[in-house]
$ cat input04.cif   # mmCIF, C-alpha atoms
data_work
#
loop_
_atom_site.label_atom_id
_atom_site.label_comp_id
_atom_site.auth_asym_id
_atom_site.auth_seq_id
_atom_site.Cartn_x
_atom_site.Cartn_y
_atom_site.Cartn_z
CA MET A 1 16.94 7.99 14.53
CA ILE A 2 13.93 6.98 12.43
CA ASN A 3 14.70 7.09 8.70
CA ASN A 4 11.77 5.17 7.22
CA HIS A 5 8.18 6.42 7.30
CA PRO A 6 4.75 5.83 5.73
CA THR A 7 4.28 7.63 2.42
CA ALA A 8 2.41 10.93 2.25
CA ASP A 9 -0.46 9.14 0.49
CA MET A 10 -0.67 6.56 3.28
CA LEU A 11 -0.77 9.26 5.96
CA THR A 12 -3.51 11.06 4.03
CA GLU A 13 -5.58 7.87 3.78
CA TYR A 14 -4.93 7.24 7.47
CA SER A 15 -6.17 10.73 8.35
CA THR A 16 -9.32 10.36 6.25
CA GLY A 17 -10.15 6.90 7.57
CA ALA A 18 -9.70 5.21 4.20
CA LEU A 19 -7.41 2.38 5.37
CA SER A 20 -8.26 -1.08 6.66
CA LEU A 21 -7.70 -1.91 10.32
CA ALA A 22 -4.37 -3.75 10.02
CA PRO A 23 -2.58 -0.92 8.14
CA VAL A 24 -4.12 1.55 10.61
CA ILE A 25 -2.65 -0.43 13.51
CA SER A 26 0.79 -0.45 11.87
CA ILE A 27 0.76 3.31 11.19
CA THR A 28 -0.56 4.13 14.66
CA THR A 29 2.24 2.00 16.12
CA HIS A 30 4.78 3.95 14.06
CA LEU A 31 3.27 7.20 15.37
CA GLN A 32 4.13 6.08 18.92
CA PHE A 33 7.79 6.45 17.92
CA CYS A 34 7.76 9.24 15.33
CA ASP A 35 7.22 12.92 16.15
CA ARG A 36 7.51 13.91 12.50
CA CYS A 37 4.62 11.70 11.34
CA ARG A 38 2.48 12.64 14.34
CA GLU A 39 2.84 16.29 13.33
CA SER A 40 1.99 15.43 9.72
CA VAL A 41 -1.18 13.59 10.76
CA ALA A 42 -2.17 16.45 13.08
CA SER A 43 -1.79 18.90 10.17
CA LEU A 44 -3.84 16.66 7.86
CA ASN A 45 -6.56 16.33 10.50
CA ALA A 46 -6.64 20.11 10.94
CA LEU A 47 -6.84 20.63 7.18
CA GLY A 48 -9.67 18.12 6.89
CA GLY A 49 -11.55 19.83 9.70
CA ALA A 50 -11.12 23.23 8.07
CA LEU A 51 -12.38 21.95 4.70
CA LEU A 52 -15.34 20.30 6.37
CA GLY A 53 -16.16 23.52 8.19
CA GLU A 54 -16.30 25.39 4.88
CA CYS A 55 -18.91 23.03 3.44
CA GLU A 56 -22.43 24.37 3.55
CA ALA A 57 -24.94 22.16 5.31
CA ALA A 58 -27.67 20.80 3.06
CA PRO A 59 -31.07 22.27 3.93
CA ILE A 60 -33.53 19.94 5.68
CA SER A 61 -37.24 20.37 5.08
CA GLN A 62 -39.41 21.08 8.10
CA GLN A 63 -41.65 18.13 7.21
CA LEU A 64 -38.70 15.68 7.15
CA LEU A 65 -37.48 16.98 10.50
CA ALA A 66 -40.97 16.66 12.03
CA ASP A 67 -41.41 13.11 10.69
CA THR A 68 -38.02 12.05 12.07
CA LEU A 69 -38.75 13.46 15.53
CA ASP A 70 -42.17 11.78 15.58
CA ARG A 71 -40.59 8.44 14.69
CA LEU A 72 -38.01 8.78 17.47
CA ASP A 73 -40.74 9.56 19.99
CA ALA A 74 -42.78 6.54 18.89
CA GLU A 75 -39.94 3.97 19.07
CA PRO A 76 -39.00 2.53 22.47
CA ALA A 77 -35.46 3.13 23.56
CA ASN A 78 -33.18 0.11 23.28
CA VAL A 79 -31.29 -0.82 26.42
CA PHE A 80 -27.94 -2.48 25.91
CA GLU A 81 -25.94 -4.29 28.55
CA VAL A 82 -22.38 -3.06 28.67
CA GLU A 83 -19.90 -5.89 29.10
CA GLU A 84 -16.95 -5.39 31.38
CA PRO A 85 -13.69 -5.56 29.45
CA GLU A 86 -11.73 -8.76 29.90
CA GLN A 87 -8.64 -8.68 32.06
CA PRO A 88 -5.80 -8.27 29.57
CA PHE A 89 -3.24 -11.03 29.24
CA LEU A 90 0.23 -9.92 28.28
CA ASP A 91 3.45 -11.85 28.63
CA PRO A 92 5.61 -9.86 31.09
CA LYS A 93 8.59 -10.52 28.83
CA LEU A 94 6.84 -8.65 26.03
CA GLU A 95 5.24 -5.84 28.03
CA ASP A 96 8.37 -3.67 28.06
CA GLN A 97 9.14 -4.44 24.42
CA LEU A 98 5.89 -3.27 22.86
CA PRO A 99 4.37 0.23 22.64
CA ALA A 100 1.47 0.67 25.06
CA TYR A 101 -0.87 1.10 22.08
CA LEU A 102 -0.33 -2.53 21.05
CA HIS A 103 -1.17 -3.93 24.48
CA LYS A 104 -4.90 -3.74 23.71
CA PHE A 105 -4.46 -6.07 20.73
CA VAL A 106 -1.85 -8.55 21.99
CA GLY A 107 -3.23 -8.63 25.53
CA ARG A 108 -6.63 -10.12 24.68
CA LYS A 109 -5.35 -13.68 24.98
CA PRO A 110 -2.01 -15.50 25.14
CA LEU A 111 0.11 -15.22 22.03
CA HIS A 112 0.91 -18.48 20.26
CA TRP A 113 4.43 -18.29 18.87
CA GLN A 114 5.14 -20.54 15.90
CA SER A 115 8.66 -21.33 14.72
CA LEU A 116 9.21 -20.63 11.04
CA SER A 117 12.88 -21.57 11.29
CA SER A 118 15.59 -21.88 13.93
CA SER A 119 15.89 -18.07 13.91
CA VAL A 120 12.38 -16.78 13.24
CA SER A 121 9.12 -17.05 15.20
CA VAL A 122 5.72 -15.53 14.43
CA ALA A 123 2.69 -14.81 16.63
CA PRO A 124 -0.52 -13.96 14.73
CA ILE A 125 -2.71 -11.18 16.15
CA SER A 126 -6.45 -11.56 15.59
CA VAL A 127 -8.31 -8.28 15.04
CA GLY A 128 -11.14 -9.44 12.78
CA GLU A 129 -9.24 -8.44 9.63
CA SER A 130 -10.25 -10.32 6.47
CA ASN A 131 -7.83 -8.75 3.99
CA TYR A 132 -4.53 -8.65 5.85
CA GLU A 133 -2.46 -10.81 8.16
CA LEU A 134 -1.29 -8.98 11.30
CA ALA A 135 1.47 -10.58 13.36
CA LEU A 136 4.50 -10.12 15.57
CA HIS A 137 7.76 -11.49 14.21
CA ARG A 138 10.73 -12.27 16.43
CA LEU A 139 14.18 -12.69 14.91
CA ASN A 140 16.84 -14.13 17.21
CA ALA A 141 20.08 -12.20 17.72
CA GLY A 142 22.25 -12.83 14.68
CA GLY A 143 19.45 -14.75 12.99
CA ARG A 144 18.32 -14.41 9.39
CA THR A 145 15.03 -15.01 7.66
CA PRO A 146 14.87 -17.04 4.44
CA ALA A 147 15.24 -14.92 1.32
CA HIS A 148 11.78 -14.07 0.05
CA ASP A 149 9.73 -12.04 -2.42
CA HIS A 150 6.27 -10.58 -1.80
CA LYS A 151 3.00 -11.44 -3.51
CA GLY A 152 1.44 -8.27 -2.09
CA MET A 153 2.30 -5.29 0.07
CA GLU A 154 4.14 -5.91 3.34
CA LEU A 155 4.32 -3.29 6.10
CA THR A 156 6.82 -3.70 8.94
CA VAL A 157 7.35 -1.60 12.07
CA VAL A 158 10.48 -2.29 14.12
CA LEU A 159 9.42 -2.48 17.77
CA LYS A 160 12.59 -3.64 19.52
CA GLY A 161 16.15 -4.15 18.38
CA SER A 162 17.24 -3.70 14.79
CA PHE A 163 17.81 -5.62 11.58
CA SER A 164 19.34 -5.12 8.18
CA ASP A 165 18.71 -6.32 4.65
CA GLU A 166 20.07 -5.62 1.20
CA ASN A 167 18.72 -2.05 1.35
CA GLY A 168 19.97 -0.84 4.73
CA MET A 169 19.76 -0.98 8.52
CA TYR A 170 16.48 -0.45 10.40
CA HIS A 171 15.95 0.57 14.01
CA GLU A 172 13.10 0.96 16.49
CA GLY A 173 10.23 2.94 14.98
CA ASP A 174 11.26 2.48 11.35
CA PHE A 175 8.31 1.80 9.02
CA LEU A 176 9.13 -0.34 6.01
CA ILE A 177 7.05 -0.87 2.88
CA ARG A 178 7.77 -3.79 0.58
CA GLN A 179 5.97 -4.49 -2.70
CA PRO A 180 5.91 -7.44 -5.14
CA GLY A 181 9.37 -7.81 -6.66
CA ASP A 182 11.16 -6.58 -3.53
CA VAL A 183 13.36 -9.56 -2.61
CA HIS A 184 15.25 -9.39 0.67
CA ARG A 185 16.66 -11.45 3.54
CA PRO A 186 16.45 -9.58 6.87
CA ALA A 187 19.10 -10.31 9.51
CA ALA A 188 19.02 -9.22 13.16
CA THR A 189 22.07 -7.63 14.76
CA GLN A 190 24.39 -9.95 16.64
CA ASN A 191 23.81 -8.48 20.11
CA GLN A 192 20.00 -8.34 20.38
CA ALA A 193 16.85 -10.08 19.17
CA CYS A 194 14.54 -8.03 16.95
CA ILE A 195 10.75 -7.84 17.31
CA CYS A 196 8.62 -6.38 14.51
CA LEU A 197 4.95 -5.81 13.79
CA SER A 198 4.10 -6.98 10.29
CA VAL A 199 1.13 -6.57 7.99
CA LEU A 200 0.85 -8.85 4.96
CA GLU A 201 -1.54 -8.33 2.06
CA ALA A 202 -0.67 -11.71 0.51
CA PRO A 203 1.68 -14.65 1.17
CA ILE A 204 5.41 -14.15 0.91
CA LYS A 205 7.27 -16.30 -1.62
CA LEU A 206 10.53 -17.99 -0.66
CA THR A 207 13.26 -17.54 -3.25
CA GLY A 208 16.13 -19.61 -1.83
CA LEU A 209 16.63 -23.38 -1.69
CA LYS A 210 13.58 -23.81 0.56
CA SER A 211 11.36 -22.53 -2.23
CA VAL A 212 11.71 -25.88 -4.02
CA LEU A 213 9.79 -27.64 -1.24
CA ASN A 214 7.57 -24.82 0.04
CA PRO A 215 7.47 -21.76 -2.24
CA PHE A 216 4.78 -19.89 -0.25
CA MET A 217 4.59 -19.22 3.48
CA LYS A 218 1.23 -19.57 5.21
CA PHE A 219 -1.08 -16.56 5.03
CA ASN A 220 -3.69 -16.22 7.77
CA PRO A 221 -5.86 -13.06 7.82
CA SER A 222 -7.74 -12.88 11.13
#
$ encode --input "input04.cif" --output "structure tokens"
Amino acid sequence: MINNHPTADMLTEYSTGALSLAPVISITTHLQFCDRCRESVASLNALGGALLGECEAAPISQQLLADTLDRLDAEPANVFEVEEPEQPFLDPKLEDQLPAYLHKFVGRKPLHWQSLSSSVSVAPISVGESNYELALHRLNAGGRTPAHDHKGMELTVVLKGSFSDENGMYHEGDFLIRQPGDVHRPAATQNQACICLSVLEAPIKLTGLKSVLNPFMKFNPS
């Protein structure tokens, strides 16, 4: 059962197209799991369409319309070559563990997993995002992350398995929001590895013993 969802404000911004790409990807991924939020977004979209339909169209002068049509007739049509999409690359081990929606982003090229500790690995996902870091995180069965705080917002969607922290237990489809000042240390369940999609607005700050040597983890928007 999914117990953690995007806020109403986030769903509204999602519906109106006001969010950046990385948060949109995280919310859309959550929608693959969550009937409740899909219904909420559908209602928001319907409301937006109804409000738009009630707006009166601004009148256009006949001269402006004629000038625009003349300009279109005078300009040669541009011909663009359509490139064939690249054959997607997706690790067969991951294919069954990720929602189909994510395949288009993680299947562009091989993922490069980097070990953050003996229990945690991260694979950055490049989507041309300049303000957020988008990545997959894999936590080994029974593994724990270092305790950390957040310098900015962190969004997490549980894709496979489950993990817990000081605030509760989280399962597939759960959508977590962490803000600066939210210190936690996630731990995967003992019987299964956990894979999450994460969006970071700023670097996370280690708060345990490791913080003495390396207080901030790398932050790589891409």
$ closest_residue --input "input04.cif" --among "A:Met10, A:Val122, A:Ala141, A:Ile2" --to "A:Ser26" --atoms "all atoms listed in the file"
A:Met10
$ atom_distance --input "input04.cif" --atom1 "atom CA of A:Gly173" --atom2 "atom CA of A:Val157"
6.1 Å
$ closest_residue --input "input04.cif" --among "A:Gln114, A:Thr29, A:Ile177, A:Leu21" --to "A:Ser126" --atoms "only C-alpha atoms"
A:Leu21
$ closest_residue --input "input04.cif" --among "A:Val127, A:Leu98, A:Arg138, A:Pro203" --to "A:Ser115" --atoms "all atoms listed in the file"
A:Arg138
$ residues_around --input "input04.cif" --residues "A:Ala123" --least-positions-apart "5" --cutoff "8 Å" --atoms "all atoms listed in the file" --output "list in words"
Leu111, His112, Trp113, Gln114, Ala135, Leu136 and His137 of chain A
$ atom_distance --input "input04.cif" --atom1 "atom CA of A:Gly48" --atom2 "atom CA of A:Thr12"
9.8 Å
$ resolve_selection --input "input04.cif" --expression "the PyMOL selection byres ((chain A and resi 3) around 9)" --output "PyMOL selection string"
chain A and resi 1-2+4-5+170-171+173-175
$ atom_distance --input "input04.cif" --atom1 "atom CA of A:Asn167" --atom2 "atom CA of A:Pro186"
9.6 Å
$ residues_around --input "input04.cif" --residues "A:Leu134" --least-positions-apart "3" --cutoff "9 Å" --atoms "all atoms listed in the file" --output "list in words"
Ala22, Pro23, Ile25, Ser26, Ala123, Pro124, Ile125, Ser126, Val127, Glu129, Leu197, Ser198, Val199, Leu200, Asn220, Pro221 and Ser222 of chain A
$ decode --input "input04.cif" --residues "stretch 121-165 of chain A" --atoms "C-alpha atoms" --output "short mmCIF file (atom, residue, chain, number, x, y, z; two decimals), in the first residue's frame"
data_model
loop_
_atom_site.label_atom_id
_atom_site.label_comp_id
_atom_site.auth_asym_id
_atom_site.auth_seq_id
_atom_site.Cartn_x
_atom_site.Cartn_y
_atom_site.Cartn_z
CA SER A 121 25.57 2.60 -5.30
CA VAL A 122 24.36 5.45 -7.50
CA ALA A 123 23.83 5.72 -11.27
CA PRO A 124 23.30 9.28 -12.57
CA ILE A 125 20.67 9.76 -15.29
CA SER A 126 21.37 12.53 -17.80
CA VAL A 127 18.27 14.36 -19.04
CA GLY A 128 19.72 17.81 -19.72
CA GLU A 129 18.64 19.12 -16.32
CA SER A 130 20.69 22.06 -14.99
CA ASN A 131 18.99 22.56 -11.62
CA TYR A 132 18.57 19.05 -10.27
CA GLU A 133 20.49 15.79 -10.04
CA LEU A 134 18.49 12.77 -11.22
CA ALA A 135 19.80 9.31 -10.32
CA LEU A 136 19.03 5.74 -9.41
CA HIS A 137 20.17 4.63 -5.97
CA ARG A 138 20.65 0.98 -5.05
CA LEU A 139 20.83 -0.05 -1.41
CA ASN A 140 21.97 -3.62 -0.75
CA ALA A 141 19.77 -5.91 1.33
CA GLY A 142 20.30 -4.99 4.97
CA GLY A 143 22.49 -2.05 3.97
CA ARG A 144 22.34 1.46 5.37
CA THR A 145 23.26 4.84 3.96
CA PRO A 146 25.38 7.27 5.97
CA ALA A 147 23.32 9.60 8.14
CA HIS A 148 22.79 12.83 6.24
CA ASP A 149 21.01 16.18 6.13
CA HIS A 150 19.82 17.99 3.01
CA LYS A 151 20.99 21.32 1.61
CA GLY A 152 17.92 21.44 -0.64
CA MET A 153 14.82 19.44 -1.49
CA GLU A 154 15.20 15.71 -2.11
CA LEU A 155 12.50 13.65 -3.85
CA THR A 156 12.62 9.85 -3.71
CA VAL A 157 10.41 7.25 -5.39
CA VAL A 158 10.79 3.65 -4.24
CA LEU A 159 10.96 1.48 -7.37
CA LYS A 160 11.81 -1.95 -5.98
CA GLY A 161 12.06 -3.36 -2.49
CA SER A 162 11.62 -1.24 0.61
CA PHE A 163 13.57 0.73 3.17
CA SER A 164 13.04 2.43 6.49
CA ASP A 165 14.38 5.47 8.30
#
